[in-house]
Amino acid sequence: MDLVPVELYYEEFGQGFPVILMHGYPLNHTIWMPVVERLQAHARVITPDLRGHGKSPVTDGEYSMRLMAEDIHALMNRLDIPKAVLVGHSMAGYVSLAFARAYPGRLAGLAMVASQAEADSSEKRQGRYITAEEVGRKGVRQVAKSMLPKLTPRKELTADLMEIMLKTPKKGVIGTLKGMAERPDALEWLAEIEVPAVVIAGEQDAIIPLERARTMTQMLRRGWLVEIPEAAHMPMLETPQVVADTIQQLVDLAAA
Ligand code: MLT
């Protein structure tokens, strides 16, 4: 498959060691703003919109995690960043793992936020194709409505999250669903990651079971786990201070 990167939309804050904060599906870079506010005094923080999301280009077909990783690689080249700490939320955690595999020399540290290394079960994979087909026929509203209660129990966050999801282009949602469905299992491979890696997990996460975070941490040579009792699938919005402090710790280790 040809890996032709697109020029991602991004925002940039602060100075210091480069940290790229990547949002999950079907969201955009704005979910990271509460963390950016806390981190920008300590690091150079870059928040892209991934392909098919937010203000980034929308393309046809499947968005493999490897292809999305290629977009991040192209962004790093564009910004003259030799090595960065990658922070991947949920689907972007899958992208981070694809990046780590393709470009280990460009990775200084890794944070997996509300994410996992396992591939989909065949049932889950089939479900994604059914959802993709529904989005093609009816648009993103139905998907957004069903995802909203799974993202967070916090009512004060739901209006903004709904607005973000409704703005995500139909093609972007479909391409990403197919890409997630086809992602390879990366669990065994985690042992090859040589850089410091932190796993951040909300104990109330209704999308990724906590067990996945624990299993992943055990496989990482330089990994540690931060479990957050008050958080669900959106710890960057639910408990931004804990997330910012943890990323800061990771950056200190990566830059040492
Ligand atoms: C996400 O939050 O990025 C997705 O829900 C992850 C997934 O569906 O596997």
# chains A, B, ... in the order shown; residues from 1 in each chain; ligands from 1
call {"tool": "residues_near_ligand", "arguments": {"ligand": "ligand 1", "cutoff": "6 Å", "atoms": "only C-alpha atoms and all ligand atoms", "output": "ChimeraX atom specification"}}
result
/A:24-25,90-91
call {"tool": "residues_around", "arguments": {"residues": "segment 240-244 of chain A", "least_positions_apart": "2", "cutoff": "8 Å", "atoms": "only C-alpha atoms", "output": "ChimeraX atom specification"}}
result
/A:34-36,38-39,200,235-238,246-248
call {"tool": "select_by_dssp", "arguments": {"residues": "segment 89-195 of chain A", "states": "helix (DSSP H, G or I)", "output": "ChimeraX atom specification"}}
result
/A:91-102,104-106,122-138,141-151,155-167,170-181,188-192
call {"tool": "residues_around", "arguments": {"residues": "Pro153 of chain A", "least_positions_apart": "2", "cutoff": "12 Å", "atoms": "only C-alpha atoms", "output": "mmCIF file with N, CA and C atoms, in the first residue's frame"}}
result
data_model
loop_
_atom_site.group_PDB
_atom_site.id
_atom_site.type_symbol
_atom_site.label_atom_id
_atom_site.label_comp_id
_atom_site.auth_asym_id
_atom_site.auth_seq_id
_atom_site.Cartn_x
_atom_site.Cartn_y
_atom_site.Cartn_z
ATOM 1 N N MET A 147 -21.654 7.177 21.013
ATOM 2 C CA MET A 147 -20.346 7.251 21.687
ATOM 3 C C MET A 147 -20.356 8.146 22.919
ATOM 4 N N LEU A 148 -21.150 9.191 22.863
ATOM 5 C CA LEU A 148 -21.099 10.209 23.912
ATOM 6 C C LEU A 148 -21.144 9.659 25.345
ATOM 7 N N PRO A 149 -22.125 8.812 25.685
ATOM 8 C CA PRO A 149 -22.157 8.312 27.072
ATOM 9 C C PRO A 149 -20.976 7.421 27.427
ATOM 10 N N LYS A 150 -20.310 6.869 26.410
ATOM 11 C CA LYS A 150 -19.155 6.005 26.692
ATOM 12 C C LYS A 150 -17.886 6.819 26.913
ATOM 13 N N LEU A 151 -17.872 8.056 26.423
ATOM 14 C CA LEU A 151 -16.651 8.867 26.557
ATOM 15 C C LEU A 151 -16.435 9.315 27.991
ATOM 16 N N LYS A 155 -21.357 15.331 32.827
ATOM 17 C CA LYS A 155 -22.339 16.060 32.010
ATOM 18 C C LYS A 155 -21.783 17.391 31.497
ATOM 19 N N GLU A 156 -20.900 18.010 32.279
ATOM 20 C CA GLU A 156 -20.401 19.331 31.868
ATOM 21 C C GLU A 156 -19.507 19.258 30.627
ATOM 22 N N LEU A 157 -19.078 18.056 30.254
ATOM 23 C CA LEU A 157 -18.203 17.909 29.077
ATOM 24 C C LEU A 157 -18.969 17.493 27.820
ATOM 25 N N THR A 158 -20.214 17.064 27.997
ATOM 26 C CA THR A 158 -20.868 16.384 26.874
ATOM 27 C C THR A 158 -21.225 17.322 25.703
ATOM 28 N N LEU A 161 -18.105 17.864 23.564
ATOM 29 C CA LEU A 161 -17.692 16.627 22.882
ATOM 30 C C LEU A 161 -18.638 16.305 21.724
ATOM 31 N N GLY A 202 -8.121 5.644 32.818
ATOM 32 C CA GLY A 202 -9.209 6.027 33.720
ATOM 33 C C GLY A 202 -9.890 4.774 34.219
ATOM 34 N N GLN A 204 -12.786 4.401 35.169
ATOM 35 C CA GLN A 204 -14.191 4.292 34.732
ATOM 36 C C GLN A 204 -14.332 4.191 33.212
ATOM 37 N N ASP A 205 -13.247 3.926 32.524
ATOM 38 C CA ASP A 205 -13.290 3.880 31.052
ATOM 39 C C ASP A 205 -14.262 2.799 30.573
ATOM 40 N N ALA A 206 -15.273 3.220 29.798
ATOM 41 C CA ALA A 206 -16.284 2.275 29.303
ATOM 42 C C ALA A 206 -15.930 1.759 27.911
ATOM 43 N N GLU A 230 -10.844 8.841 39.174
ATOM 44 C CA GLU A 230 -11.932 9.777 38.814
ATOM 45 C C GLU A 230 -12.123 9.903 37.314
ATOM 46 N N ALA A 231 -11.292 9.243 36.500
ATOM 47 C CA ALA A 231 -11.379 9.453 35.051
ATOM 48 C C ALA A 231 -12.040 8.273 34.350
ATOM 49 N N ALA A 232 -12.611 8.568 33.157
ATOM 50 C CA ALA A 232 -13.164 7.522 32.284
ATOM 51 C C ALA A 232 -12.326 7.482 31.001
ATOM 52 N N HIS A 233 -12.953 7.707 29.837
ATOM 53 C CA HIS A 233 -12.199 7.602 28.576
ATOM 54 C C HIS A 233 -11.510 8.917 28.186
ATOM 55 N N MET A 234 -11.789 9.998 28.921
ATOM 56 C CA MET A 234 -11.273 11.315 28.525
ATOM 57 C C MET A 234 -10.445 11.952 29.642
ATOM 58 N N PRO A 235 -9.397 11.274 30.128
ATOM 59 C CA PRO A 235 -8.651 11.837 31.270
ATOM 60 C C PRO A 235 -8.048 13.221 31.013
ATOM 61 N N LEU A 237 -9.490 15.689 29.782
ATOM 62 C CA LEU A 237 -10.518 16.672 30.124
ATOM 63 C C LEU A 237 -11.018 16.483 31.560
ATOM 64 N N GLU A 238 -11.007 15.234 32.001
ATOM 65 C CA GLU A 238 -11.577 14.918 33.322
ATOM 66 C C GLU A 238 -10.592 15.219 34.447
#
call {"tool": "residues_around", "arguments": {"residues": "segment 133-140 of chain A", "least_positions_apart": "4", "cutoff": "9 Å", "atoms": "only C-alpha atoms", "output": "PyMOL selection string"}}
result
chain A and resi 128-129+144-145+165-171+173-174
call {"tool": "closest_residue", "arguments": {"among": "A:Ala117, A:Ala213, A:Leu79, A:Ile164", "to": "Thr30 of chain A", "atoms": "only C-alpha atoms"}}
result
A:Ile164
call {"tool": "residues_around", "arguments": {"residues": "Asp185 of chain A", "least_positions_apart": "4", "cutoff": "9 Å", "atoms": "only C-alpha atoms", "output": "PyMOL selection string"}}
result
chain A and resi 117-120+189
call {"tool": "write_last_selection", "arguments": {"atoms": "C-alpha atoms", "output": "mmCIF file, in the first residue's frame"}}
result
data_model
loop_
_atom_site.group_PDB
_atom_site.id
_atom_site.type_symbol
_atom_site.label_atom_id
_atom_site.label_comp_id
_atom_site.auth_asym_id
_atom_site.auth_seq_id
_atom_site.Cartn_x
_atom_site.Cartn_y
_atom_site.Cartn_z
ATOM 1 C CA ALA A 117 -2.129 -2.657 22.168
ATOM 2 C CA GLU A 118 -4.516 -5.498 21.292
ATOM 3 C CA ALA A 119 -6.202 -5.798 17.902
ATOM 4 C CA ASP A 120 -10.001 -5.990 17.588
ATOM 5 C CA TRP A 189 5.840 -6.289 20.067
#
